[in-house]
file coords.tsv (TSV, C-alpha atoms)
chain	number	residue	atom	x	y	z
U	1	MET	CA	-21.32	-14.00	2.40
U	2	SER	CA	-17.96	-12.74	3.56
U	3	LEU	CA	-17.45	-9.52	5.51
U	4	ARG	CA	-14.20	-7.94	6.66
U	5	LEU	CA	-13.07	-4.56	8.04
U	6	SER	CA	-9.59	-3.23	7.21
U	7	PRO	CA	-7.77	-0.04	8.16
U	8	TYR	CA	-7.10	2.13	5.09
U	9	LEU	CA	-4.40	4.80	5.32
U	10	VAL	CA	-4.74	7.74	2.93
U	11	MET	CA	-1.44	9.54	2.50
U	12	ASP	CA	-0.46	12.91	1.04
U	13	GLY	CA	1.86	11.76	-1.77
U	14	ASN	CA	4.15	9.68	0.45
U	15	ALA	CA	2.34	6.33	0.45
U	16	ARG	CA	5.31	4.50	-1.13
U	17	GLU	CA	7.57	5.74	1.67
U	18	ALA	CA	4.98	4.68	4.29
U	19	ILE	CA	4.61	1.24	2.68
U	20	GLU	CA	8.38	0.67	2.77
U	21	PHE	CA	8.51	1.86	6.38
U	22	TYR	CA	5.69	-0.45	7.52
U	23	GLN	CA	7.15	-3.38	5.59
U	24	GLN	CA	10.31	-3.04	7.67
U	25	VAL	CA	8.95	-2.19	11.10
U	26	LEU	CA	5.91	-4.51	10.99
U	27	ASP	CA	7.54	-7.32	8.99
U	28	ALA	CA	4.74	-6.86	6.46
U	29	GLN	CA	4.50	-8.36	2.99
U	30	LEU	CA	3.44	-6.29	-0.02
U	31	VAL	CA	0.43	-8.03	-1.58
U	32	PHE	CA	-0.56	-5.48	-4.23
U	33	SER	CA	0.34	-1.99	-5.41
U	34	GLN	CA	-1.04	0.09	-8.29
U	35	SER	CA	-0.22	3.68	-9.20
U	36	PHE	CA	-2.69	6.25	-10.52
U	37	GLY	CA	-0.79	6.08	-13.83
U	38	GLU	CA	-1.61	2.35	-14.12
U	39	MET	CA	-5.34	2.93	-13.83
U	40	PRO	CA	-7.57	3.33	-16.90
U	41	GLU	CA	-7.77	7.00	-17.91
U	42	ASN	CA	-10.97	8.86	-17.09
U	43	PRO	CA	-11.58	12.04	-19.12
U	44	ASP	CA	-13.84	13.39	-16.35
U	45	PHE	CA	-10.91	13.26	-13.90
U	46	PRO	CA	-7.70	14.13	-15.77
U	47	LEU	CA	-4.57	13.04	-13.96
U	48	PRO	CA	-1.70	15.52	-13.56
U	49	ALA	CA	1.64	14.09	-14.72
U	50	GLU	CA	3.20	14.52	-11.26
U	51	ALA	CA	0.54	12.25	-9.73
U	52	LYS	CA	1.00	9.28	-12.07
U	53	ASP	CA	3.54	7.63	-9.74
U	54	HIS	CA	1.41	8.15	-6.64
U	55	VAL	CA	-0.23	5.08	-5.11
U	56	ALA	CA	-3.86	4.54	-6.12
U	57	HIS	CA	-4.20	1.39	-4.03
U	58	ALA	CA	-1.83	-0.92	-2.19
U	59	MET	CA	-2.17	-3.63	0.41
U	60	LEU	CA	0.24	-5.02	2.96
U	61	LYS	CA	-0.31	-8.22	4.89
U	62	VAL	CA	0.63	-7.66	8.53
U	63	GLY	CA	0.26	-11.00	10.26
U	64	GLU	CA	-3.41	-11.86	9.71
U	65	THR	CA	-4.44	-8.27	8.94
U	66	ASP	CA	-4.70	-6.40	5.65
U	67	LEU	CA	-3.43	-2.82	5.82
U	68	MET	CA	-4.47	-0.76	2.81
U	69	PHE	CA	-2.96	2.44	1.43
U	70	SER	CA	-3.43	5.12	-1.17
U	71	ASP	CA	-2.35	8.66	-1.81
U	72	THR	CA	-5.09	11.28	-2.02
U	73	PHE	CA	-6.40	11.73	-5.54
U	74	PRO	CA	-5.00	14.94	-7.04
U	75	GLY	CA	-7.13	17.90	-6.06
U	76	GLN	CA	-8.71	16.19	-3.05
U	77	PRO	CA	-8.03	17.71	0.38
U	78	HIS	CA	-5.75	15.95	2.84
U	79	GLN	CA	-5.14	16.85	6.45
U	80	SER	CA	-3.78	14.96	9.40
U	81	GLY	CA	-6.63	13.21	11.12
U	82	ASN	CA	-8.61	12.19	8.04
U	83	GLN	CA	-6.04	9.82	6.59
U	84	VAL	CA	-7.38	6.71	8.34
U	85	THR	CA	-10.59	5.18	7.04
U	86	ILE	CA	-12.20	1.78	7.47
U	87	CYS	CA	-12.67	-0.37	4.39
U	88	ILE	CA	-15.67	-2.71	4.55
U	89	SER	CA	-15.12	-5.58	2.12
U	90	THR	CA	-17.89	-7.99	1.15
U	91	ASN	CA	-18.66	-10.29	-1.73
U	92	ASP	CA	-22.39	-9.46	-1.55
U	93	LYS	CA	-23.42	-6.44	-3.67
U	94	GLU	CA	-26.83	-6.14	-1.98
U	95	LYS	CA	-25.26	-6.20	1.51
U	96	ALA	CA	-22.80	-3.49	0.37
U	97	LYS	CA	-25.74	-1.37	-0.79
U	98	GLN	CA	-27.62	-1.86	2.52
U	99	MET	CA	-24.57	-0.92	4.62
U	100	PHE	CA	-23.77	2.10	2.44
U	101	GLU	CA	-27.35	3.41	2.64
U	102	ALA	CA	-27.43	2.94	6.41
U	103	LEU	CA	-24.05	4.64	6.93
U	104	GLN	CA	-25.07	7.69	4.91
U	105	GLN	CA	-28.08	8.45	7.16
U	106	GLY	CA	-27.12	11.70	8.89
U	107	GLY	CA	-23.70	11.56	7.24
U	108	ARG	CA	-22.10	12.62	3.96
U	109	VAL	CA	-21.52	10.69	0.73
U	110	ASN	CA	-17.99	11.28	-0.54
U	111	MET	CA	-18.34	8.99	-3.58
U	112	PRO	CA	-21.66	7.37	-4.46
U	113	LEU	CA	-21.81	3.58	-4.40
U	114	GLN	CA	-21.24	2.61	-8.01
U	115	GLU	CA	-19.62	0.12	-10.36
U	116	THR	CA	-15.95	0.89	-11.00
U	117	PHE	CA	-13.26	-0.82	-13.04
U	118	PHE	CA	-12.15	-2.64	-9.86
U	119	SER	CA	-15.46	-3.38	-8.11
U	120	PRO	CA	-19.12	-4.02	-8.95
U	121	ALA	CA	-20.08	-1.66	-6.08
U	122	TYR	CA	-17.65	0.77	-4.46
U	123	GLY	CA	-18.28	4.03	-2.61
U	124	SER	CA	-17.11	6.20	0.25
U	125	VAL	CA	-19.24	7.70	3.00
U	126	THR	CA	-18.57	9.63	6.21
U	127	ASP	CA	-21.10	8.64	8.85
U	128	LYS	CA	-22.84	10.90	11.35
U	129	PHE	CA	-19.97	10.36	13.81
U	130	GLY	CA	-17.33	11.61	11.36
U	131	VAL	CA	-15.93	8.12	10.59
U	132	THR	CA	-15.19	7.53	6.91
U	133	PHE	CA	-15.98	4.12	5.46
U	134	GLN	CA	-15.05	2.77	2.05
U	135	VAL	CA	-17.52	0.10	0.98
U	136	PHE	CA	-15.85	-2.35	-1.40
U	137	THR	CA	-17.58	-5.26	-3.12
U	138	GLU	CA	-15.16	-7.97	-4.15
U	139	GLY	CA	-15.05	-9.34	-7.69
U	140	LEU	CA	-16.52	-8.06	-10.88
U	141	GLN	CA	-19.80	-9.86	-11.44
call {"tool": "encode", "arguments": {"input": "coords.tsv", "output": "structure tokens"}}
result
Amino acid sequence: MSLRLSPYLVMDGNAREAIEFYQQVLDAQLVFSQSFGEMPENPDFPLPAEAKDHVAHAMLKVGETDLMFSDTFPGQPHQSGNQVTICISTNDKEKAKQMFEALQQGGRVNMPLQETFFSPAYGSVTDKFGVTFQVFTEGLQ
């Protein structure tokens, strides 16, 4: 089993600008970037045209560390202070489920742990201390 924690910065429509900035000042390398417009369409969550160029997910490599980014999904609140989350990555779906269930005790589920087009088990939870975790299971199984 692998397990890794990564900082995840959630921006308010300016993730591309932040990525370019951090590439320069931290000598970071862009590993991956995908816009909301490049994601499969979901009729339950229609995407406004102005959000199609916003970053859905990106990753920079800063030395040995992964630094992840996204813009807030259209319609979701954003305020300074809640833009940094911790992404827990594992390749073990059962371990992801255990951690997610433990983190939600006394906390709040933001997105239930579920299969997505990019992960067999992904969800977001804010724990009882107000820390938001994204639980990401690697690889589609």
call {"tool": "closest_atom_pairs", "arguments": {"input": "coords.tsv", "of": "region 52-126 of chain U", "to": "region 19-31 of chain U", "cutoff": "12 Å", "atoms": "all atoms listed in the file", "output": "JSON lines"}}
result
{"residue": "U:Val55", "atom": "CA", "partner": "U:Ile19", "partner_atom": "CA", "distance": 9.9}
{"residue": "U:His57", "atom": "CA", "partner": "U:Val31", "partner_atom": "CA", "distance": 10.8}
{"residue": "U:Ala58", "atom": "CA", "partner": "U:Val31", "partner_atom": "CA", "distance": 7.5}
{"residue": "U:Met59", "atom": "CA", "partner": "U:Val31", "partner_atom": "CA", "distance": 5.5}
{"residue": "U:Leu60", "atom": "CA", "partner": "U:Leu30", "partner_atom": "CA", "distance": 4.6}
{"residue": "U:Lys61", "atom": "CA", "partner": "U:Gln29", "partner_atom": "CA", "distance": 5.2}
{"residue": "U:Val62", "atom": "CA", "partner": "U:Ala28", "partner_atom": "CA", "distance": 4.7}
{"residue": "U:Gly63", "atom": "CA", "partner": "U:Ala28", "partner_atom": "CA", "distance": 7.2}
{"residue": "U:Glu64", "atom": "CA", "partner": "U:Ala28", "partner_atom": "CA", "distance": 10.1}
{"residue": "U:Thr65", "atom": "CA", "partner": "U:Ala28", "partner_atom": "CA", "distance": 9.6}
{"residue": "U:Asp66", "atom": "CA", "partner": "U:Val31", "partner_atom": "CA", "distance": 9.0}
{"residue": "U:Leu67", "atom": "CA", "partner": "U:Ala28", "partner_atom": "CA", "distance": 9.1}
{"residue": "U:Met68", "atom": "CA", "partner": "U:Ile19", "partner_atom": "CA", "distance": 9.3}
{"residue": "U:Phe69", "atom": "CA", "partner": "U:Ile19", "partner_atom": "CA", "distance": 7.8}
{"residue": "U:Ser70", "atom": "CA", "partner": "U:Ile19", "partner_atom": "CA", "distance": 9.7}
{"residue": "U:Asp71", "atom": "CA", "partner": "U:Ile19", "partner_atom": "CA", "distance": 11.1}
call {"tool": "residues_around", "arguments": {"input": "coords.tsv", "residues": "Met11 (chain U)", "least_positions_apart": "3", "cutoff": "10 Å", "atoms": "all atoms listed in the file", "output": "ChimeraX atom specification"}}
result
/U:8,14-18,54-55,69-73,78-80,82-84
call {"tool": "residues_around", "arguments": {"input": "coords.tsv", "residues": "Asp92 (chain U)", "least_positions_apart": "2", "cutoff": "10 Å", "atoms": "all atoms listed in the file", "output": "list of chain:residue names"}}
result
U:Met1, U:Ser2, U:Leu3, U:Ser89, U:Thr90, U:Glu94, U:Lys95, U:Ala96, U:Lys97, U:Pro120, U:Ala121, U:Phe136, U:Thr137, U:Glu138, U:Gly139
call {"tool": "write_last_selection", "arguments": {"input": "coords.tsv", "atoms": "C-alpha atoms", "output": "short mmCIF file (atom, residue, chain, number, x, y, z; two decimals), in the coordinates of the input"}}
result
data_model
loop_
_atom_site.label_atom_id
_atom_site.label_comp_id
_atom_site.auth_asym_id
_atom_site.auth_seq_id
_atom_site.Cartn_x
_atom_site.Cartn_y
_atom_site.Cartn_z
CA MET U 1 -21.32 -14.00 2.40
CA SER U 2 -17.96 -12.74 3.56
CA LEU U 3 -17.45 -9.52 5.51
CA SER U 89 -15.12 -5.58 2.12
CA THR U 90 -17.89 -7.99 1.15
CA GLU U 94 -26.83 -6.14 -1.98
CA LYS U 95 -25.26 -6.20 1.51
CA ALA U 96 -22.80 -3.49 0.37
CA LYS U 97 -25.74 -1.37 -0.79
CA PRO U 120 -19.12 -4.02 -8.95
CA ALA U 121 -20.08 -1.66 -6.08
CA PHE U 136 -15.85 -2.35 -1.40
CA THR U 137 -17.58 -5.26 -3.12
CA GLU U 138 -15.16 -7.97 -4.15
CA GLY U 139 -15.05 -9.34 -7.69
#
call {"tool": "atom_distance", "arguments": {"input": "coords.tsv", "atom1": "CA of Met99 (chain U)", "atom2": "CA of Val135 (chain U)"}}
result
8.0 Å
call {"tool": "closest_residue", "arguments": {"input": "coords.tsv", "among": "U:Lys93, U:Ile88, U:Asn42, U:Thr126", "to": "Gly106 (chain U)", "atoms": "only C-alpha atoms"}}
result
U:Thr126
call {"tool": "decode", "arguments": {"input": "coords.tsv", "residues": "region 44-94 of chain U", "atoms": "N, CA and C atoms", "output": "mmCIF file, in the first residue's frame"}}
result
data_model
loop_
_atom_site.group_PDB
_atom_site.id
_atom_site.type_symbol
_atom_site.label_atom_id
_atom_site.label_comp_id
_atom_site.auth_asym_id
_atom_site.auth_seq_id
_atom_site.Cartn_x
_atom_site.Cartn_y
_atom_site.Cartn_z
ATOM 1 N N ASP U 44 -25.996 16.721 -14.247
ATOM 2 C CA ASP U 44 -26.419 17.128 -12.900
ATOM 3 C C ASP U 44 -25.688 18.382 -12.430
ATOM 4 N N PHE U 45 -24.531 18.669 -13.048
ATOM 5 C CA PHE U 45 -23.727 19.837 -12.687
ATOM 6 C C PHE U 45 -23.326 20.575 -13.962
ATOM 7 N N PRO U 46 -24.255 21.314 -14.560
ATOM 8 C CA PRO U 46 -23.927 22.021 -15.804
ATOM 9 C C PRO U 46 -22.828 23.054 -15.568
ATOM 10 N N LEU U 47 -21.950 23.169 -16.542
ATOM 11 C CA LEU U 47 -20.785 24.032 -16.433
ATOM 12 C C LEU U 47 -21.014 25.331 -17.190
ATOM 13 N N PRO U 48 -20.966 26.481 -16.503
ATOM 14 C CA PRO U 48 -21.097 27.754 -17.210
ATOM 15 C C PRO U 48 -19.939 27.947 -18.196
ATOM 16 N N ALA U 49 -20.208 28.558 -19.316
ATOM 17 C CA ALA U 49 -19.198 28.748 -20.362
ATOM 18 C C ALA U 49 -17.959 29.453 -19.829
ATOM 19 N N GLU U 50 -18.134 30.436 -18.948
ATOM 20 C CA GLU U 50 -16.983 31.195 -18.437
ATOM 21 C C GLU U 50 -16.070 30.370 -17.537
ATOM 22 N N ALA U 51 -16.528 29.200 -17.099
ATOM 23 C CA ALA U 51 -15.708 28.360 -16.218
ATOM 24 C C ALA U 51 -14.956 27.269 -16.970
ATOM 25 N N LYS U 52 -15.215 27.106 -18.247
ATOM 26 C CA LYS U 52 -14.602 25.998 -18.989
ATOM 27 C C LYS U 52 -13.084 26.073 -19.029
ATOM 28 N N ASP U 53 -12.502 27.271 -18.975
ATOM 29 C CA ASP U 53 -11.046 27.411 -18.991
ATOM 30 C C ASP U 53 -10.428 27.368 -17.599
ATOM 31 N N HIS U 54 -11.257 27.334 -16.563
ATOM 32 C CA HIS U 54 -10.718 27.265 -15.205
ATOM 33 C C HIS U 54 -10.106 25.893 -14.954
ATOM 34 N N VAL U 55 -9.163 25.843 -14.044
ATOM 35 C CA VAL U 55 -8.419 24.616 -13.749
ATOM 36 C C VAL U 55 -9.254 23.688 -12.864
ATOM 37 N N ALA U 56 -9.480 22.469 -13.369
ATOM 38 C CA ALA U 56 -10.173 21.443 -12.581
ATOM 39 C C ALA U 56 -9.176 20.712 -11.691
ATOM 40 N N HIS U 57 -7.987 20.462 -12.231
ATOM 41 C CA HIS U 57 -6.939 19.808 -11.446
ATOM 42 C C HIS U 57 -5.604 20.025 -12.146
ATOM 43 N N ALA U 58 -4.603 20.360 -11.361
ATOM 44 C CA ALA U 58 -3.240 20.507 -11.882
ATOM 45 C C ALA U 58 -2.275 20.086 -10.790
ATOM 46 N N MET U 59 -1.073 19.705 -11.217
ATOM 47 C CA MET U 59 -0.057 19.321 -10.252
ATOM 48 C C MET U 59 1.303 19.841 -10.704
ATOM 49 N N LEU U 60 1.981 20.464 -9.748
ATOM 50 C CA LEU U 60 3.364 20.883 -9.941
ATOM 51 C C LEU U 60 4.254 19.970 -9.115
ATOM 52 N N LYS U 61 5.448 19.746 -9.594
ATOM 53 C CA LYS U 61 6.464 19.022 -8.822
ATOM 54 C C LYS U 61 7.436 20.073 -8.310
ATOM 55 N N VAL U 62 7.511 20.222 -7.005
ATOM 56 C CA VAL U 62 8.402 21.182 -6.370
ATOM 57 C C VAL U 62 9.422 20.367 -5.595
ATOM 58 N N GLY U 63 10.595 20.185 -6.171
ATOM 59 C CA GLY U 63 11.570 19.291 -5.552
ATOM 60 C C GLY U 63 10.996 17.898 -5.481
ATOM 61 N N GLU U 64 10.842 17.370 -4.267
ATOM 62 C CA GLU U 64 10.275 16.032 -4.067
ATOM 63 C C GLU U 64 8.781 16.069 -3.771
ATOM 64 N N THR U 65 8.191 17.262 -3.728
ATOM 65 C CA THR U 65 6.815 17.425 -3.270
ATOM 66 C C THR U 65 5.862 17.703 -4.422
ATOM 67 N N ASP U 66 4.682 17.103 -4.358
ATOM 68 C CA ASP U 66 3.603 17.425 -5.289
ATOM 69 C C ASP U 66 2.783 18.555 -4.686
ATOM 70 N N LEU U 67 2.533 19.586 -5.487
ATOM 71 C CA LEU U 67 1.672 20.698 -5.083
ATOM 72 C C LEU U 67 0.503 20.705 -6.056
ATOM 73 N N MET U 68 -0.701 20.508 -5.540
ATOM 74 C CA MET U 68 -1.880 20.375 -6.387
ATOM 75 C C MET U 68 -2.705 21.651 -6.369
ATOM 76 N N PHE U 69 -3.448 21.860 -7.460
ATOM 77 C CA PHE U 69 -4.251 23.070 -7.628
ATOM 78 C C PHE U 69 -5.589 22.746 -8.264
ATOM 79 N N SER U 70 -6.558 23.610 -8.008
ATOM 80 C CA SER U 70 -7.781 23.678 -8.799
ATOM 81 C C SER U 70 -8.417 25.030 -8.526
ATOM 82 N N ASP U 71 -9.315 25.414 -9.404
ATOM 83 C CA ASP U 71 -10.199 26.536 -9.132
ATOM 84 C C ASP U 71 -11.437 25.963 -8.466
ATOM 85 N N THR U 72 -12.164 26.778 -7.718
ATOM 86 C CA THR U 72 -13.413 26.298 -7.134
ATOM 87 C C THR U 72 -14.368 25.953 -8.267
ATOM 88 N N PHE U 73 -15.176 24.929 -8.055
ATOM 89 C CA PHE U 73 -16.186 24.578 -9.044
ATOM 90 C C PHE U 73 -17.221 25.690 -9.058
ATOM 91 N N PRO U 74 -17.695 26.079 -10.231
ATOM 92 C CA PRO U 74 -18.678 27.163 -10.307
ATOM 93 C C PRO U 74 -19.848 26.954 -9.350
ATOM 94 N N GLY U 75 -20.155 27.992 -8.615
ATOM 95 C CA GLY U 75 -21.248 27.945 -7.650
ATOM 96 C C GLY U 75 -20.824 27.553 -6.251
ATOM 97 N N GLN U 76 -19.603 27.053 -6.082
ATOM 98 C CA GLN U 76 -19.111 26.692 -4.759
ATOM 99 C C GLN U 76 -18.491 27.917 -4.095
ATOM 100 N N PRO U 77 -18.657 28.064 -2.791
ATOM 101 C CA PRO U 77 -18.097 29.238 -2.112
ATOM 102 C C PRO U 77 -16.576 29.174 -2.030
ATOM 103 N N HIS U 78 -15.957 30.327 -2.045
ATOM 104 C CA HIS U 78 -14.511 30.430 -1.877
ATOM 105 C C HIS U 78 -14.234 31.637 -1.001
ATOM 106 N N GLN U 79 -13.396 31.447 -0.015
ATOM 107 C CA GLN U 79 -12.973 32.571 0.813
ATOM 108 C C GLN U 79 -11.547 32.319 1.253
ATOM 109 N N SER U 80 -10.814 33.378 1.458
ATOM 110 C CA SER U 80 -9.440 33.208 1.928
ATOM 111 C C SER U 80 -9.470 32.442 3.235
ATOM 112 N N GLY U 81 -8.583 31.477 3.334
ATOM 113 C CA GLY U 81 -8.526 30.651 4.528
ATOM 114 C C GLY U 81 -8.977 29.224 4.280
ATOM 115 N N ASN U 82 -9.858 29.016 3.282
ATOM 116 C CA ASN U 82 -10.295 27.650 3.012
ATOM 117 C C ASN U 82 -9.717 27.115 1.712
ATOM 118 N N GLN U 83 -8.741 27.833 1.159
ATOM 119 C CA GLN U 83 -8.215 27.407 -0.135
ATOM 120 C C GLN U 83 -7.110 26.364 -0.031
ATOM 121 N N VAL U 84 -6.673 26.034 1.160
ATOM 122 C CA VAL U 84 -5.638 25.005 1.309
ATOM 123 C C VAL U 84 -6.275 23.771 1.951
ATOM 124 N N THR U 85 -6.175 22.648 1.256
ATOM 125 C CA THR U 85 -6.647 21.384 1.790
ATOM 126 C C THR U 85 -5.485 20.395 1.746
ATOM 127 N N ILE U 86 -5.682 19.241 2.338
ATOM 128 C CA ILE U 86 -4.672 18.192 2.291
ATOM 129 C C ILE U 86 -5.258 17.031 1.496
ATOM 130 N N CYS U 87 -4.536 16.617 0.477
ATOM 131 C CA CYS U 87 -4.958 15.487 -0.347
ATOM 132 C C CYS U 87 -4.260 14.227 0.152
ATOM 133 N N ILE U 88 -5.039 13.246 0.570
ATOM 134 C CA ILE U 88 -4.511 11.947 0.976
ATOM 135 C C ILE U 88 -4.623 11.039 -0.243
ATOM 136 N N SER U 89 -3.497 10.577 -0.738
ATOM 137 C CA SER U 89 -3.484 9.678 -1.895
ATOM 138 C C SER U 89 -3.070 8.289 -1.451
ATOM 139 N N THR U 90 -3.815 7.297 -1.896
ATOM 140 C CA THR U 90 -3.484 5.903 -1.607
ATOM 141 C C THR U 90 -3.877 5.048 -2.804
ATOM 142 N N ASN U 91 -3.299 3.878 -2.895
ATOM 143 C CA ASN U 91 -3.688 2.951 -3.945
ATOM 144 C C ASN U 91 -4.572 1.833 -3.391
ATOM 145 N N ASP U 92 -5.046 1.996 -2.157
ATOM 146 C CA ASP U 92 -5.851 0.991 -1.471
ATOM 147 C C ASP U 92 -7.250 1.559 -1.207
ATOM 148 N N LYS U 93 -8.225 1.084 -1.969
ATOM 149 C CA LYS U 93 -9.605 1.587 -1.874
ATOM 150 C C LYS U 93 -10.197 1.379 -0.472
ATOM 151 N N GLU U 94 -9.927 0.241 0.149
ATOM 152 C CA GLU U 94 -10.448 -0.029 1.490
ATOM 153 C C GLU U 94 -9.829 0.912 2.531
#
